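Below: one structure, written as structure tokens.
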Amino acid sequence: TVRKNTFSSLSTAIDIKSNSKGKYFNNTFDHSVLGVCVSTKSNPTLLDNIFTNCKQAILVEGKLCQGNFTRNKIVDCESSILVLSEASPQFISNIISGSPVGITFSDKGKGCARNNDISHCTTGLLTEDASNPTIDKNKIEQCSTGIIVKSSSGKVTRNTILNTEETAIKLDASSGTLLESNTIVGSGKEGFLIIHASRATLVTNTVQGSKVSPLNCTEDCQSTIELQDNNLQKGIFSASKSL
């Protein structure tokens with residue numbers, strides 16, 4: 001157990017590998033290149049830690065690599081959380097602000113992001129490169145874009161996205177994404193933007209107050225999306241047109 005330590009100005013503060021299942025509680029990571037790196041089939045628990053001004057706060061990479069990351073606070077880091085190479089960690093009830101991207105799943109990343117509070121980021125959550133995570137019950141507020149699913153799949157469910165500068169949820173060449181019971185309020189452009197032949201199912205979502213349209217679907221998505229029981233409030237859906 002590693003508890004109540006301060007790690008400052010280090011290349012890598014903590015490197016967790018070789019099947020480790022350690023516990024890391026109430027530590028502070030400041031101005032380090034990499035706060036915590038998790039790899040090699042490890043499954044640690046990180047709880048109530050604080051990361052500030054790190055280049056990369058948390059990196060989880062490698063097949064069979066997991067981990068439970070709960071109630072951590074990440075502020076003003078160049079990159080907050082990055083999941084790579086089929087890792088499948090759980091990120092629950094973390095607070096993230098002031099980063100280019102709050103949480104990134106890339107390179108077949110899996111796992112879930114649930115009940116996180118993400119604000120003042122360029123993108124709240126990004127899934128790309130054949131990743132397949134579950135993104136559930138997060139609150140994303142005052143970001144440029146809320147969620148981007150690019151060349152990936154997964155489930156995006158029960159999230160609340162408030163006051164984005166641009167699009168709330170963007171699908172770009174997604175492959176079979178489920179968008180269910182998300183609430184979008186006050187997006188600067190579209191509520192949903194679906195492009196590049198994305199395949200998706202949209203069920204029981206609510207969009208309110210989008211300045212451009214609640215849903216914008218390009219013509220190449222005409223036969224690849226399904227809409228059911230959504231509350232989009234304005235207009236009638238038509239492929240290749242905004243509502």
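So you can find residues: chains in the structure tokens are A, B, ... in the order shown, residues in each start at 1, and ligands are numbered from 1 in order.
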>> At a cut-off of 7 Å, using only C-alpha atoms, what residues contact A:Thr123? Leave out same-chain residues fewer than 3 positions from it and give the result as a ChimeraX atom specification.
In response: /A:100-102,126,143-147
Written selection (C-alpha atoms) as a short mmCIF file (atom, residue, chain, number, x, y, z; two decimals), in the first residue's frame:
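Result file follows (out23.cif):
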```
data_model
loop_
_atom_site.label_atom_id
_atom_site.label_comp_id
_atom_site.auth_asym_id
_atom_site.auth_seq_id
_atom_site.Cartn_x
_atom_site.Cartn_y
_atom_site.Cartn_z
CA PRO A 100 -7.10 18.60 -23.90
CA VAL A 101 -8.94 15.26 -23.41
CA GLY A 102 -10.44 14.01 -20.18
CA LEU A 126 -12.46 10.14 -26.80
CA CYS A 143 -16.00 21.35 -22.88
CA SER A 144 -15.51 22.18 -26.55
CA THR A 145 -16.79 18.71 -27.58
CA GLY A 146 -18.39 16.26 -25.17
CA ILE A 147 -17.73 12.76 -26.57
#
```
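Taking only C-alpha atoms into account, A:Ser39 lies nearest to A:Ala87 out of the set A:Asn27, A:Arg71, A:Ala87, A:Ser80.
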>> Neighbouring residues of A:Ser151 were defined as those with any atom within 12 Å, considering only C-alpha atoms; residues of the same chain fewer than 2 positions away were excluded. Please report them as number ranges by chain.
In response: A: 105-108, 126-132, 148-149, 153-154, 170-177, 195-200
> Smallest atom-to-atom distance to A:Val36: which of A:Leu179, A:Leu227, A:Leu64, A:Leu82, using only C-alpha atoms?
Replying inline: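 Selected residue with least distance to A:Val36: A:Leu82.
Contact shell of A:Thr167 at 8 Å (only C-alpha atoms; same-chain neighbours under 6 positions omitted): A:Ser144, A:Thr145, A:Gly146, A:Ser187, A:Gly188, A:Lys189, A:Glu190, A:Gly191, A:Phe192, A:Leu193.
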Generate a file of the selected residues that holds N, CA and C atoms, formatted as a compact mmCIF listing (two decimals), in the first residue's frame.
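Written out: out01.txt:
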```txt
# COMPACT_ATOMS: atom_id res chain seq x y z
N SER A 144 -15.27 21.83 -25.15
CA SER A 144 -15.51 22.18 -26.55
C SER A 144 -16.40 21.12 -27.21
N THR A 145 -15.99 19.85 -27.11
CA THR A 145 -16.79 18.71 -27.58
C THR A 145 -16.95 17.73 -26.43
N GLY A 146 -18.14 17.16 -26.30
CA GLY A 146 -18.39 16.26 -25.17
C GLY A 146 -17.74 14.89 -25.33
N SER A 187 -25.79 22.68 -26.45
CA SER A 187 -24.59 22.54 -27.27
C SER A 187 -24.47 23.71 -28.24
N GLY A 188 -23.23 24.17 -28.46
CA GLY A 188 -23.00 25.32 -29.33
C GLY A 188 -23.26 25.04 -30.79
N LYS A 189 -23.16 23.77 -31.21
CA LYS A 189 -23.48 23.37 -32.58
C LYS A 189 -24.53 22.25 -32.53
N GLU A 190 -24.15 21.05 -32.95
CA GLU A 190 -25.11 19.93 -32.97
C GLU A 190 -25.17 19.23 -31.61
N GLY A 191 -26.33 18.64 -31.35
CA GLY A 191 -26.39 17.69 -30.25
C GLY A 191 -25.64 16.42 -30.61
N PHE A 192 -26.04 15.80 -31.74
CA PHE A 192 -25.32 14.65 -32.32
C PHE A 192 -24.84 15.02 -33.71
N LEU A 193 -23.59 14.72 -34.02
CA LEU A 193 -23.05 14.84 -35.36
C LEU A 193 -22.56 13.47 -35.78
```
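The two atoms in question, atom CA of A:Thr40 and atom CA of A:Val60, are spaced 9.5 Å apart.
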>> With only C-alpha atoms as the counted atoms, please give the residues lying no more than 9 Å from stretch 93-95 of chain A, apart from itself and same-chain residues fewer than 5 positions off, as a list in words.
In response: Asp48, Phe69, Thr70, Arg71, Asn72, Lys73, Ile74, Val75, Ala113, Arg114, Asn115, Asn116, Asp117, Ile118, Ser119 and Asn138 of chain A
Deliver the residues from the most recent selection as a file, using N, CA and C atoms, as a PDB file, in the first residue's frame.
```
ATOM      1  N   ASP A  48      -8.641   8.313  -4.419  1.00  0.00           N
ATOM      2  CA  ASP A  48      -8.483   9.611  -3.755  1.00  0.00           C
ATOM      3  C   ASP A  48      -7.092  10.218  -3.933  1.00  0.00           C
ATOM      4  N   PHE A  69      -9.828   2.790 -10.752  1.00  0.00           N
ATOM      5  CA  PHE A  69      -9.400   4.162 -10.498  1.00  0.00           C
ATOM      6  C   PHE A  69     -10.628   4.949 -10.051  1.00  0.00           C
ATOM      7  N   THR A  70     -10.681   5.285  -8.769  1.00  0.00           N
ATOM      8  CA  THR A  70     -11.896   5.835  -8.187  1.00  0.00           C
ATOM      9  C   THR A  70     -11.609   7.097  -7.371  1.00  0.00           C
ATOM     10  N   ARG A  71     -12.434   8.123  -7.578  1.00  0.00           N
ATOM     11  CA  ARG A  71     -12.409   9.377  -6.822  1.00  0.00           C
ATOM     12  C   ARG A  71     -11.054  10.076  -6.874  1.00  0.00           C
ATOM     13  N   ASN A  72     -10.336   9.918  -7.978  1.00  0.00           N
ATOM     14  CA  ASN A  72      -9.113  10.683  -8.163  1.00  0.00           C
ATOM     15  C   ASN A  72      -9.442  12.040  -8.772  1.00  0.00           C
ATOM     16  N   LYS A  73      -8.600  13.024  -8.528  1.00  0.00           N
ATOM     17  CA  LYS A  73      -8.802  14.369  -9.065  1.00  0.00           C
ATOM     18  C   LYS A  73      -7.620  14.713  -9.965  1.00  0.00           C
ATOM     19  N   ILE A  74      -7.917  15.085 -11.211  1.00  0.00           N
ATOM     20  CA  ILE A  74      -6.883  15.384 -12.203  1.00  0.00           C
ATOM     21  C   ILE A  74      -7.138  16.786 -12.745  1.00  0.00           C
ATOM     22  N   VAL A  75      -6.172  17.674 -12.543  1.00  0.00           N
ATOM     23  CA  VAL A  75      -6.368  19.087 -12.874  1.00  0.00           C
ATOM     24  C   VAL A  75      -5.191  19.603 -13.692  1.00  0.00           C
ATOM     25  N   ALA A 113     -15.759   3.989 -18.345  1.00  0.00           N
ATOM     26  CA  ALA A 113     -15.697   5.279 -17.655  1.00  0.00           C
ATOM     27  C   ALA A 113     -17.108   5.554 -17.146  1.00  0.00           C
ATOM     28  N   ARG A 114     -17.276   5.597 -15.830  1.00  0.00           N
ATOM     29  CA  ARG A 114     -18.621   5.707 -15.252  1.00  0.00           C
ATOM     30  C   ARG A 114     -18.636   6.720 -14.107  1.00  0.00           C
ATOM     31  N   ASN A 115     -19.643   7.572 -14.114  1.00  0.00           N
ATOM     32  CA  ASN A 115     -19.869   8.545 -13.031  1.00  0.00           C
ATOM     33  C   ASN A 115     -18.726   9.536 -12.850  1.00  0.00           C
ATOM     34  N   ASN A 116     -17.987   9.810 -13.909  1.00  0.00           N
ATOM     35  CA  ASN A 116     -16.928  10.806 -13.818  1.00  0.00           C
ATOM     36  C   ASN A 116     -17.479  12.204 -14.082  1.00  0.00           C
ATOM     37  N   ASP A 117     -16.843  13.204 -13.492  1.00  0.00           N
ATOM     38  CA  ASP A 117     -17.212  14.605 -13.678  1.00  0.00           C
ATOM     39  C   ASP A 117     -16.080  15.275 -14.452  1.00  0.00           C
ATOM     40  N   ILE A 118     -16.359  15.635 -15.707  1.00  0.00           N
ATOM     41  CA  ILE A 118     -15.331  16.159 -16.608  1.00  0.00           C
ATOM     42  C   ILE A 118     -15.736  17.556 -17.060  1.00  0.00           C
ATOM     43  N   SER A 119     -14.836  18.523 -16.904  1.00  0.00           N
ATOM     44  CA  SER A 119     -15.182  19.892 -17.275  1.00  0.00           C
ATOM     45  C   SER A 119     -13.968  20.633 -17.826  1.00  0.00           C
ATOM     46  N   ASN A 138     -21.632   9.646 -17.067  1.00  0.00           N
ATOM     47  CA  ASN A 138     -20.680  10.722 -16.815  1.00  0.00           C
ATOM     48  C   ASN A 138     -21.363  12.081 -16.969  1.00  0.00           C
TER      49      ASN A 138
END
```
> What gap, in Å, lies between atom CA of A:Ala57 and atom CA of A:Ile96?
Replying inline: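 Going from atom CA of A:Ala57 over to atom CA of A:Ile96 covers 10.5 Å.
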>> Taking only stretch 9-218 of chain A into account, list the residues labelled strand (DSSP E) by DSSP (computed from the backbone), as a ChimeraX atom specification.
In response: /A:12-16,23-25,28-30,34-38,45-47,50-52,56-61,68-70,73-75,79-84,90-92,95-97,101-105,112-114,117-119,123-128,134-136,139-141,145-150,155-157,160-162,169-172,175-180,183-185,190-195,199-203,206-208,213-217
> Which value, in Å to one decimal, gives the distance between atom CA of A:Asp220 and atom CA of A:Asn163?
Replying inline: 28.1 Å
>> So that I can see what lies close to A:Asn53, please list as a ChimeraX atom specification the residues with an atom at most 7 Å from it, counting only C-alpha atoms and leaving out residues fewer than 4 positions away in the same chain.
In response: /A:30-31,75-77
Take the residues that were just selected and, keeping all heavy atoms, output them as a tab-separated table (two decimals), in the first residue's frame.
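Resulting contents of result-v1.tsv:
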```tsv
chain	number	residue	atom	x	y	z
A	30	ASP	N	2.57	15.91	-8.76
A	30	ASP	CA	2.62	17.28	-9.25
A	30	ASP	C	3.82	17.48	-10.19
A	30	ASP	O	4.93	17.05	-9.90
A	30	ASP	CB	2.74	18.25	-8.07
A	30	ASP	CG	2.75	19.70	-8.50
A	30	ASP	OD1	1.79	20.13	-9.16
A	30	ASP	OD2	3.75	20.39	-8.21
A	31	HIS	N	3.54	18.10	-11.34
A	31	HIS	CA	4.58	18.48	-12.30
A	31	HIS	C	5.50	17.31	-12.69
A	31	HIS	O	6.70	17.48	-12.87
A	31	HIS	CB	5.44	19.62	-11.74
A	31	HIS	CG	4.75	20.95	-11.81
A	31	HIS	ND1	4.01	21.46	-10.76
A	31	HIS	CD2	4.70	21.87	-12.82
A	31	HIS	CE1	3.52	22.64	-11.13
A	31	HIS	NE2	3.91	22.92	-12.35
A	75	VAL	N	-6.17	17.67	-12.54
A	75	VAL	CA	-6.37	19.09	-12.87
A	75	VAL	C	-5.19	19.60	-13.69
A	75	VAL	O	-4.02	19.41	-13.31
A	75	VAL	CB	-6.53	19.94	-11.60
A	75	VAL	CG1	-6.73	21.41	-11.95
A	75	VAL	CG2	-7.71	19.44	-10.76
A	76	ASP	N	-5.49	20.24	-14.80
A	76	ASP	CA	-4.49	20.98	-15.61
A	76	ASP	C	-3.31	20.10	-16.04
A	76	ASP	O	-2.15	20.53	-15.99
A	76	ASP	CB	-3.98	22.20	-14.83
A	76	ASP	CG	-5.08	23.24	-14.61
A	76	ASP	OD1	-6.04	23.26	-15.40
A	76	ASP	OD2	-4.96	24.02	-13.65
A	77	CYS	N	-3.61	18.87	-16.46
A	77	CYS	CA	-2.57	17.99	-17.01
A	77	CYS	C	-2.64	18.02	-18.54
A	77	CYS	O	-3.73	18.16	-19.12
A	77	CYS	CB	-2.75	16.56	-16.51
A	77	CYS	SG	-2.47	16.39	-14.72
```
When you look at A:Val156 with a cut-off of 7 Å (counting only C-alpha atoms), what residues show up, excluding the ones that are within fewer than 5 positions of it in the same chain? I need them as a tab-separated table (two decimals) with all heavy atoms, in the first residue's frame.
```
chain	number	residue	atom	x	y	z
A	134	THR	N	-17.21	1.09	-22.41
A	134	THR	CA	-18.52	1.54	-21.96
A	134	THR	C	-18.37	2.92	-21.33
A	134	THR	O	-17.57	3.10	-20.42
A	134	THR	CB	-19.14	0.56	-20.95
A	134	THR	OG1	-19.37	-0.69	-21.59
A	134	THR	CG2	-20.45	1.10	-20.40
A	135	ILE	N	-19.14	3.89	-21.83
A	135	ILE	CA	-19.09	5.27	-21.33
A	135	ILE	C	-20.47	5.55	-20.73
A	135	ILE	O	-21.44	5.73	-21.46
A	135	ILE	CB	-18.74	6.25	-22.46
A	135	ILE	CG1	-17.35	5.91	-23.03
A	135	ILE	CG2	-18.78	7.69	-21.97
A	135	ILE	CD1	-16.99	6.70	-24.27
A	136	ASP	N	-20.56	5.57	-19.41
A	136	ASP	CA	-21.86	5.52	-18.76
A	136	ASP	C	-21.97	6.50	-17.59
A	136	ASP	O	-21.09	6.57	-16.73
A	136	ASP	CB	-22.10	4.09	-18.25
A	136	ASP	CG	-23.45	3.92	-17.60
A	136	ASP	OD1	-24.46	4.24	-18.23
A	136	ASP	OD2	-23.47	3.45	-16.44
A	178	LEU	N	-23.77	2.09	-29.63
A	178	LEU	CA	-25.06	2.27	-29.01
A	178	LEU	C	-25.07	3.58	-28.24
A	178	LEU	O	-24.24	3.79	-27.35
A	178	LEU	CB	-25.39	1.12	-28.06
A	178	LEU	CG	-26.66	1.31	-27.22
A	178	LEU	CD1	-27.91	1.34	-28.11
A	178	LEU	CD2	-26.78	0.21	-26.16
A	179	LEU	N	-26.00	4.48	-28.59
A	179	LEU	CA	-26.18	5.74	-27.87
A	179	LEU	C	-27.56	5.69	-27.22
A	179	LEU	O	-28.58	5.77	-27.91
A	179	LEU	CB	-26.09	6.92	-28.83
A	179	LEU	CG	-24.78	7.06	-29.61
A	179	LEU	CD1	-24.92	8.06	-30.73
A	179	LEU	CD2	-23.66	7.48	-28.68
A	180	GLU	N	-27.59	5.55	-25.91
A	180	GLU	CA	-28.88	5.34	-25.23
A	180	GLU	C	-29.02	6.20	-23.99
A	180	GLU	O	-28.12	6.26	-23.14
A	180	GLU	CB	-29.02	3.86	-24.85
A	180	GLU	CG	-30.36	3.53	-24.21
A	180	GLU	CD	-30.56	2.04	-23.98
A	180	GLU	OE1	-29.65	1.26	-24.31
A	180	GLU	OE2	-31.62	1.68	-23.46
```
>> With distances taken over only C-alpha atoms, which residue among A:Val2, A:Ile194, A:Ile161, A:Leu47 lies nearest A:Gly67?
In response: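 Under the stated criterion, the closest residue is A:Leu47.
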